[in-house]
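Notes for the one structure printed next.
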Amino acid sequence: MTRRTDWADHTAPESRTGVAGRGHGGGVDQDGADRYDSRGDSDSFQDGEGRSRGRRRRRGGFGSDGHQDSGSPSSSRAEKSRAEKGEPPTGDPAERARAICLRLLTGTPRTRKQLADALRKREIPDDVAEEVLSRFEEVGLINDSAFADAWVESRHHGRGLARRALARELRTKGVESTLIDEAVGQLDAEQEEATARELVARKLRSTRGLDRDKRLRRLAGMLARKGYAEGMALRVVRQALEEEGEETDDLGYEAF
């Protein structure tokens, strides 16, 4: 087989010059050397016979003027993040605020403060956030009073929390003091003590085998962490221990 050795003979002399300017707008000559086509694309150029060759410029790259395109990676990531969160890509901040609130309210209620914090985190202007949140309150999508009532009902029966602990949690969620007082007022002292007795009865078995004072501290400490007052906690635990035959006459607050 005869090897072709005449490739160079088929290449025009002028096409082998001036290619150094291909990448970023380097010098080119006027008679057949590589030159930019009419689109000004720094990666596309024409040869001496007017044929366009080269790569398409990638989105988000740099133009012939040295400035970055609008499709920068950071902006693309931001748009993708908003899309994944179900938010409008850009534009009217009120539309974004409404979309954010509706998404956060789906499946679980929120307080006005929780939504306001979320809008501030997403850089929604304060005046726009105030307008959107007020409108949501008007139509009943935000109701801090109903939120507080439901929170007390759920957390007391589900976790056994006392009024003091419930009030503390509602304050962290931005509920007003008057609404907190109304919500925790649903629980009277008798109901709170009955729940404390149930908690101690469930925990009592796991303390068997320990000495009396350690049992007392463990059970009373459990009630204290759930917001029960020291006096109630000690009284409930002493009664539970007495029912198991423990002597508690010598116990005082110092053992708690």
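Scheme for the structure tokens: letters A, B, ... for chains in order shown; per-chain residue numbers from 1; ligand numbers from 1 in order shown.
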Surrounding residues of Leu104 of chain A excluding itself and chain neighbours under 5 positions, 12 Å, only C-alpha atoms, as a ChimeraX atom specification: /A:85-87,97-99,109-112,114-119,141-142
Filtering to N, CA and C atoms, could you give me those residues as a compact mmCIF listing (two decimals), in the first residue's frame?
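Listed below is the output, part.txt:
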# COMPACT_ATOMS: atom_id res chain seq x y z
N LYS A 85 -37.77 25.14 44.79
CA LYS A 85 -38.60 25.51 45.93
C LYS A 85 -40.00 25.94 45.52
N GLY A 86 -40.31 25.90 44.23
CA GLY A 86 -41.63 26.27 43.76
C GLY A 86 -41.86 27.76 43.73
N GLU A 87 -40.80 28.55 43.64
CA GLU A 87 -40.92 29.99 43.61
C GLU A 87 -40.80 30.50 42.17
N ALA A 97 -43.17 36.38 47.14
CA ALA A 97 -43.55 36.29 48.55
C ALA A 97 -44.77 35.40 48.73
N ARG A 98 -45.76 35.56 47.87
CA ARG A 98 -46.95 34.72 47.96
C ARG A 98 -46.61 33.24 47.74
N ALA A 99 -45.76 32.98 46.75
CA ALA A 99 -45.38 31.60 46.46
C ALA A 99 -44.62 30.98 47.64
N PRO A 109 -49.32 24.50 59.66
CA PRO A 109 -49.55 25.93 59.91
C PRO A 109 -48.27 26.62 60.37
N ARG A 110 -48.22 27.91 60.15
CA ARG A 110 -47.07 28.72 60.57
C ARG A 110 -47.58 30.01 61.19
N THR A 111 -46.76 30.57 62.08
CA THR A 111 -47.10 31.88 62.63
C THR A 111 -46.67 32.98 61.67
N ARG A 112 -47.20 34.15 61.90
CA ARG A 112 -46.82 35.27 61.06
C ARG A 112 -45.32 35.54 61.15
N GLN A 114 -42.89 33.43 61.78
CA GLN A 114 -42.14 32.42 61.06
C GLN A 114 -42.10 32.72 59.56
N LEU A 115 -43.24 33.14 59.00
CA LEU A 115 -43.29 33.48 57.58
C LEU A 115 -42.50 34.76 57.29
N ALA A 116 -42.59 35.73 58.19
CA ALA A 116 -41.84 36.97 57.99
C ALA A 116 -40.34 36.70 57.99
N ASP A 117 -39.89 35.83 58.89
CA ASP A 117 -38.46 35.48 58.92
C ASP A 117 -38.05 34.79 57.63
N ALA A 118 -38.91 33.93 57.10
CA ALA A 118 -38.59 33.22 55.86
C ALA A 118 -38.51 34.20 54.68
N LEU A 119 -39.40 35.17 54.63
CA LEU A 119 -39.37 36.16 53.54
C LEU A 119 -38.13 37.05 53.66
N LEU A 141 -55.39 32.54 56.10
CA LEU A 141 -54.29 31.62 55.90
C LEU A 141 -53.25 31.71 57.01
N ILE A 142 -53.21 32.86 57.67
CA ILE A 142 -52.37 33.03 58.86
C ILE A 142 -53.30 33.35 60.03
Which residues are close to segment 163-171 of chain A, i.e. within 9 Å by only C-alpha atoms, leaving aside same-chain residues fewer than 6 positions away? Reply as a PDB file with all heavy atoms, in the first residue's frame.
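Everything below was put into around-v4.pdb:
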ATOM      1  N   ALA A 148     -51.816  28.793  68.109  1.00  0.00           N
ATOM      2  CA  ALA A 148     -51.481  28.592  69.516  1.00  0.00           C
ATOM      3  C   ALA A 148     -52.393  27.556  70.161  1.00  0.00           C
ATOM      4  O   ALA A 148     -51.933  26.690  70.932  1.00  0.00           O
ATOM      5  CB  ALA A 148     -51.567  29.917  70.266  1.00  0.00           C
ATOM      6  N   TRP A 151     -51.388  24.159  68.927  1.00  0.00           N
ATOM      7  CA  TRP A 151     -50.079  23.780  69.463  1.00  0.00           C
ATOM      8  C   TRP A 151     -50.212  23.256  70.903  1.00  0.00           C
ATOM      9  O   TRP A 151     -49.622  22.228  71.260  1.00  0.00           O
ATOM     10  CB  TRP A 151     -49.150  24.991  69.430  1.00  0.00           C
ATOM     11  CG  TRP A 151     -47.736  24.677  69.810  1.00  0.00           C
ATOM     12  CD1 TRP A 151     -47.171  24.745  71.050  1.00  0.00           C
ATOM     13  CD2 TRP A 151     -46.700  24.208  68.937  1.00  0.00           C
ATOM     14  NE1 TRP A 151     -45.861  24.368  71.017  1.00  0.00           N
ATOM     15  CE2 TRP A 151     -45.537  24.033  69.724  1.00  0.00           C
ATOM     16  CE3 TRP A 151     -46.651  23.941  67.577  1.00  0.00           C
ATOM     17  CZ2 TRP A 151     -44.339  23.595  69.184  1.00  0.00           C
ATOM     18  CZ3 TRP A 151     -45.453  23.498  67.033  1.00  0.00           C
ATOM     19  CH2 TRP A 151     -44.311  23.323  67.825  1.00  0.00           C
ATOM     20  N   VAL A 152     -50.999  23.944  71.711  1.00  0.00           N
ATOM     21  CA  VAL A 152     -51.203  23.522  73.099  1.00  0.00           C
ATOM     22  C   VAL A 152     -51.871  22.158  73.137  1.00  0.00           C
ATOM     23  O   VAL A 152     -51.458  21.265  73.888  1.00  0.00           O
ATOM     24  CB  VAL A 152     -52.036  24.576  73.856  1.00  0.00           C
ATOM     25  CG1 VAL A 152     -52.516  24.027  75.200  1.00  0.00           C
ATOM     26  CG2 VAL A 152     -51.219  25.847  74.066  1.00  0.00           C
ATOM     27  N   ARG A 155     -49.221  19.429  71.745  1.00  0.00           N
ATOM     28  CA  ARG A 155     -48.006  19.211  72.536  1.00  0.00           C
ATOM     29  C   ARG A 155     -48.312  18.755  73.961  1.00  0.00           C
ATOM     30  O   ARG A 155     -47.490  18.066  74.572  1.00  0.00           O
ATOM     31  CB  ARG A 155     -47.170  20.490  72.562  1.00  0.00           C
ATOM     32  CG  ARG A 155     -46.708  20.973  71.188  1.00  0.00           C
ATOM     33  CD  ARG A 155     -45.604  20.119  70.652  1.00  0.00           C
ATOM     34  NE  ARG A 155     -44.342  20.451  71.282  1.00  0.00           N
ATOM     35  CZ  ARG A 155     -43.198  19.816  71.033  1.00  0.00           C
ATOM     36  NH1 ARG A 155     -43.178  18.801  70.184  1.00  0.00           N
ATOM     37  NH2 ARG A 155     -42.075  20.180  71.639  1.00  0.00           N
ATOM     38  N   HIS A 156     -49.463  19.130  74.478  1.00  0.00           N
ATOM     39  CA  HIS A 156     -49.793  18.659  75.831  1.00  0.00           C
ATOM     40  C   HIS A 156     -50.169  17.181  75.801  1.00  0.00           C
ATOM     41  O   HIS A 156     -49.652  16.388  76.595  1.00  0.00           O
ATOM     42  CB  HIS A 156     -50.938  19.472  76.416  1.00  0.00           C
ATOM     43  CG  HIS A 156     -51.362  18.996  77.773  1.00  0.00           C
ATOM     44  ND1 HIS A 156     -50.595  19.171  78.900  1.00  0.00           N
ATOM     45  CD2 HIS A 156     -52.468  18.304  78.177  1.00  0.00           C
ATOM     46  CE1 HIS A 156     -51.198  18.632  79.949  1.00  0.00           C
ATOM     47  NE2 HIS A 156     -52.342  18.095  79.537  1.00  0.00           N
ATOM     48  N   SER A 177     -48.137  37.618  73.480  1.00  0.00           N
ATOM     49  CA  SER A 177     -48.342  37.160  74.863  1.00  0.00           C
ATOM     50  C   SER A 177     -49.817  36.942  75.180  1.00  0.00           C
ATOM     51  O   SER A 177     -50.185  35.972  75.871  1.00  0.00           O
ATOM     52  CB  SER A 177     -47.756  38.179  75.841  1.00  0.00           C
ATOM     53  OG  SER A 177     -46.361  38.283  75.662  1.00  0.00           O
ATOM     54  N   ILE A 180     -50.893  33.713  73.763  1.00  0.00           N
ATOM     55  CA  ILE A 180     -50.294  32.597  74.516  1.00  0.00           C
ATOM     56  C   ILE A 180     -51.086  32.338  75.786  1.00  0.00           C
ATOM     57  O   ILE A 180     -51.410  31.187  76.120  1.00  0.00           O
ATOM     58  CB  ILE A 180     -48.824  32.903  74.846  1.00  0.00           C
ATOM     59  CG1 ILE A 180     -47.983  32.921  73.561  1.00  0.00           C
ATOM     60  CG2 ILE A 180     -48.273  31.867  75.823  1.00  0.00           C
ATOM     61  CD1 ILE A 180     -46.548  33.335  73.783  1.00  0.00           C
ATOM     62  N   ASP A 181     -51.426  33.416  76.495  1.00  0.00           N
ATOM     63  CA  ASP A 181     -52.176  33.258  77.741  1.00  0.00           C
ATOM     64  C   ASP A 181     -53.524  32.596  77.485  1.00  0.00           C
ATOM     65  O   ASP A 181     -53.967  31.732  78.267  1.00  0.00           O
ATOM     66  CB  ASP A 181     -52.376  34.618  78.406  1.00  0.00           C
ATOM     67  CG  ASP A 181     -51.065  35.220  78.906  1.00  0.00           C
ATOM     68  OD1 ASP A 181     -50.093  34.447  79.081  1.00  0.00           O
ATOM     69  OD2 ASP A 181     -51.015  36.445  79.114  1.00  0.00           O
ATOM     70  N   ALA A 183     -54.270  30.580  75.014  1.00  0.00           N
ATOM     71  CA  ALA A 183     -54.093  29.187  74.584  1.00  0.00           C
ATOM     72  C   ALA A 183     -53.756  28.267  75.762  1.00  0.00           C
ATOM     73  O   ALA A 183     -54.365  27.203  75.918  1.00  0.00           O
ATOM     74  CB  ALA A 183     -53.005  29.120  73.516  1.00  0.00           C
ATOM     75  N   VAL A 184     -52.790  28.676  76.577  1.00  0.00           N
ATOM     76  CA  VAL A 184     -52.406  27.795  77.699  1.00  0.00           C
ATOM     77  C   VAL A 184     -53.471  27.796  78.781  1.00  0.00           C
ATOM     78  O   VAL A 184     -53.519  26.877  79.615  1.00  0.00           O
ATOM     79  CB  VAL A 184     -51.040  28.212  78.286  1.00  0.00           C
ATOM     80  CG1 VAL A 184     -49.939  28.106  77.235  1.00  0.00           C
ATOM     81  CG2 VAL A 184     -51.091  29.618  78.881  1.00  0.00           C
ATOM     82  N   GLY A 185     -54.341  28.805  78.755  1.00  0.00           N
ATOM     83  CA  GLY A 185     -55.438  28.830  79.724  1.00  0.00           C
ATOM     84  C   GLY A 185     -56.439  27.710  79.503  1.00  0.00           C
ATOM     85  O   GLY A 185     -57.296  27.462  80.360  1.00  0.00           O
ATOM     86  N   LEU A 187     -55.693  24.714  79.608  1.00  0.00           N
ATOM     87  CA  LEU A 187     -55.296  23.664  80.552  1.00  0.00           C
ATOM     88  C   LEU A 187     -55.470  24.185  81.977  1.00  0.00           C
ATOM     89  O   LEU A 187     -54.842  25.158  82.370  1.00  0.00           O
ATOM     90  CB  LEU A 187     -53.825  23.282  80.331  1.00  0.00           C
ATOM     91  CG  LEU A 187     -53.459  22.734  78.943  1.00  0.00           C
ATOM     92  CD1 LEU A 187     -51.948  22.527  78.860  1.00  0.00           C
ATOM     93  CD2 LEU A 187     -54.196  21.444  78.658  1.00  0.00           C
ATOM     94  N   ASP A 188     -56.291  23.520  82.735  1.00  0.00           N
ATOM     95  CA  ASP A 188     -56.410  23.910  84.140  1.00  0.00           C
ATOM     96  C   ASP A 188     -55.453  23.075  84.975  1.00  0.00           C
ATOM     97  O   ASP A 188     -54.810  22.134  84.487  1.00  0.00           O
ATOM     98  CB  ASP A 188     -57.856  23.765  84.640  1.00  0.00           C
ATOM     99  CG  ASP A 188     -58.401  22.360  84.458  1.00  0.00           C
ATOM    100  OD1 ASP A 188     -57.607  21.395  84.490  1.00  0.00           O
ATOM    101  OD2 ASP A 188     -59.623  22.219  84.259  1.00  0.00           O
ATOM    102  N   GLU A 192     -53.509  19.400  84.180  1.00  0.00           N
ATOM    103  CA  GLU A 192     -52.052  19.374  84.143  1.00  0.00           C
ATOM    104  C   GLU A 192     -51.503  18.336  85.121  1.00  0.00           C
ATOM    105  O   GLU A 192     -50.583  17.577  84.785  1.00  0.00           O
ATOM    106  CB  GLU A 192     -51.514  20.761  84.475  1.00  0.00           C
ATOM    107  CG  GLU A 192     -50.066  20.959  84.127  1.00  0.00           C
ATOM    108  CD  GLU A 192     -49.642  22.403  84.339  1.00  0.00           C
ATOM    109  OE1 GLU A 192     -49.867  22.938  85.449  1.00  0.00           O
ATOM    110  OE2 GLU A 192     -49.082  23.008  83.404  1.00  0.00           O
ATOM    111  N   ARG A 225     -38.348  19.082  83.250  1.00  0.00           N
ATOM    112  CA  ARG A 225     -37.970  19.374  81.867  1.00  0.00           C
ATOM    113  C   ARG A 225     -39.187  19.605  80.973  1.00  0.00           C
ATOM    114  O   ARG A 225     -39.094  20.276  79.954  1.00  0.00           O
ATOM    115  CB  ARG A 225     -37.117  18.238  81.302  1.00  0.00           C
ATOM    116  CG  ARG A 225     -35.711  18.181  81.874  1.00  0.00           C
ATOM    117  CD  ARG A 225     -34.841  17.199  81.120  1.00  0.00           C
ATOM    118  NE  ARG A 225     -35.319  15.822  81.241  1.00  0.00           N
ATOM    119  CZ  ARG A 225     -34.992  15.005  82.246  1.00  0.00           C
ATOM    120  NH1 ARG A 225     -34.207  15.439  83.234  1.00  0.00           N
ATOM    121  NH2 ARG A 225     -35.446  13.761  82.273  1.00  0.00           N
ATOM    122  N   LYS A 226     -40.321  19.067  81.369  1.00  0.00           N
ATOM    123  CA  LYS A 226     -41.556  19.257  80.604  1.00  0.00           C
ATOM    124  C   LYS A 226     -42.352  20.462  81.089  1.00  0.00           C
ATOM    125  O   LYS A 226     -43.488  20.688  80.641  1.00  0.00           O
ATOM    126  CB  LYS A 226     -42.410  17.989  80.663  1.00  0.00           C
ATOM    127  CG  LYS A 226     -41.783  16.821  79.890  1.00  0.00           C
ATOM    128  CD  LYS A 226     -42.675  15.599  79.935  1.00  0.00           C
ATOM    129  CE  LYS A 226     -42.048  14.451  79.130  1.00  0.00           C
ATOM    130  NZ  LYS A 226     -42.036  14.748  77.679  1.00  0.00           N
ATOM    131  N   GLY A 227     -41.769  21.210  82.015  1.00  0.00           N
ATOM    132  CA  GLY A 227     -42.383  22.472  82.411  1.00  0.00           C
ATOM    133  C   GLY A 227     -43.240  22.431  83.651  1.00  0.00           C
ATOM    134  O   GLY A 227     -43.905  23.426  83.974  1.00  0.00           O
ATOM    135  N   TYR A 228     -43.230  21.341  84.381  1.00  0.00           N
ATOM    136  CA  TYR A 228     -44.062  21.262  85.589  1.00  0.00           C
ATOM    137  C   TYR A 228     -43.360  21.945  86.752  1.00  0.00           C
ATOM    138  O   TYR A 228     -42.134  21.867  86.900  1.00  0.00           O
ATOM    139  CB  TYR A 228     -44.365  19.805  85.935  1.00  0.00           C
ATOM    140  CG  TYR A 228     -45.287  19.152  84.924  1.00  0.00           C
ATOM    141  CD1 TYR A 228     -44.767  18.517  83.796  1.00  0.00           C
ATOM    142  CD2 TYR A 228     -46.667  19.204  85.086  1.00  0.00           C
ATOM    143  CE1 TYR A 228     -45.607  17.936  82.858  1.00  0.00           C
ATOM    144  CE2 TYR A 228     -47.515  18.623  84.148  1.00  0.00           C
ATOM    145  CZ  TYR A 228     -46.985  17.998  83.030  1.00  0.00           C
ATOM    146  OH  TYR A 228     -47.817  17.431  82.102  1.00  0.00           O
ATOM    147  N   ALA A 229     -44.138  22.600  87.577  1.00  0.00           N
ATOM    148  CA  ALA A 229     -43.592  23.301  88.740  1.00  0.00           C
ATOM    149  C   ALA A 229     -43.001  22.305  89.734  1.00  0.00           C
ATOM    150  O   ALA A 229     -43.432  21.147  89.818  1.00  0.00           O
ATOM    151  CB  ALA A 229     -44.681  24.131  89.404  1.00  0.00           C
TER     152      ALA A 229
END
Which of A:Leu105, A:Ala162, A:Leu216, A:Arg122 sits closest to Phe136 of chain A [using only C-alpha atoms]: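 For Phe136 of chain A, the nearest of the given residues is A:Leu105.
Remark: for Glu246 of chain A, the closest of the candidate residues A:Asp144, A:Asp213, A:Glu230, A:Asp126 is A:Asp213 (distances computed over only C-alpha atoms).
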Those in segment 61-231 of chain A with alpha helix (DSSP H) from DSSP, as a ChimeraX atom specification: /A:73-84,93-105,112-121,126-138,144-159,163-172,177-184,189-204,212-225,230-231
For atom CA of Met222 of chain A and atom CA of Glu247 of chain A, the interatomic separation in Å (one decimal): 20.9 Å
Atom-to-atom span, atom CA of Glu242 of chain A and atom CA of Leu161 of chain A, Å: 24.4 Å
Non-local contacts of segment 235-239 of chain A (9 Å; only C-alpha atoms; under 6 positions in same chain excluded) as a VMD selection string: chain A and resid 193 196 to 197 200 215 to 216 219 to 220 246 to 248 251
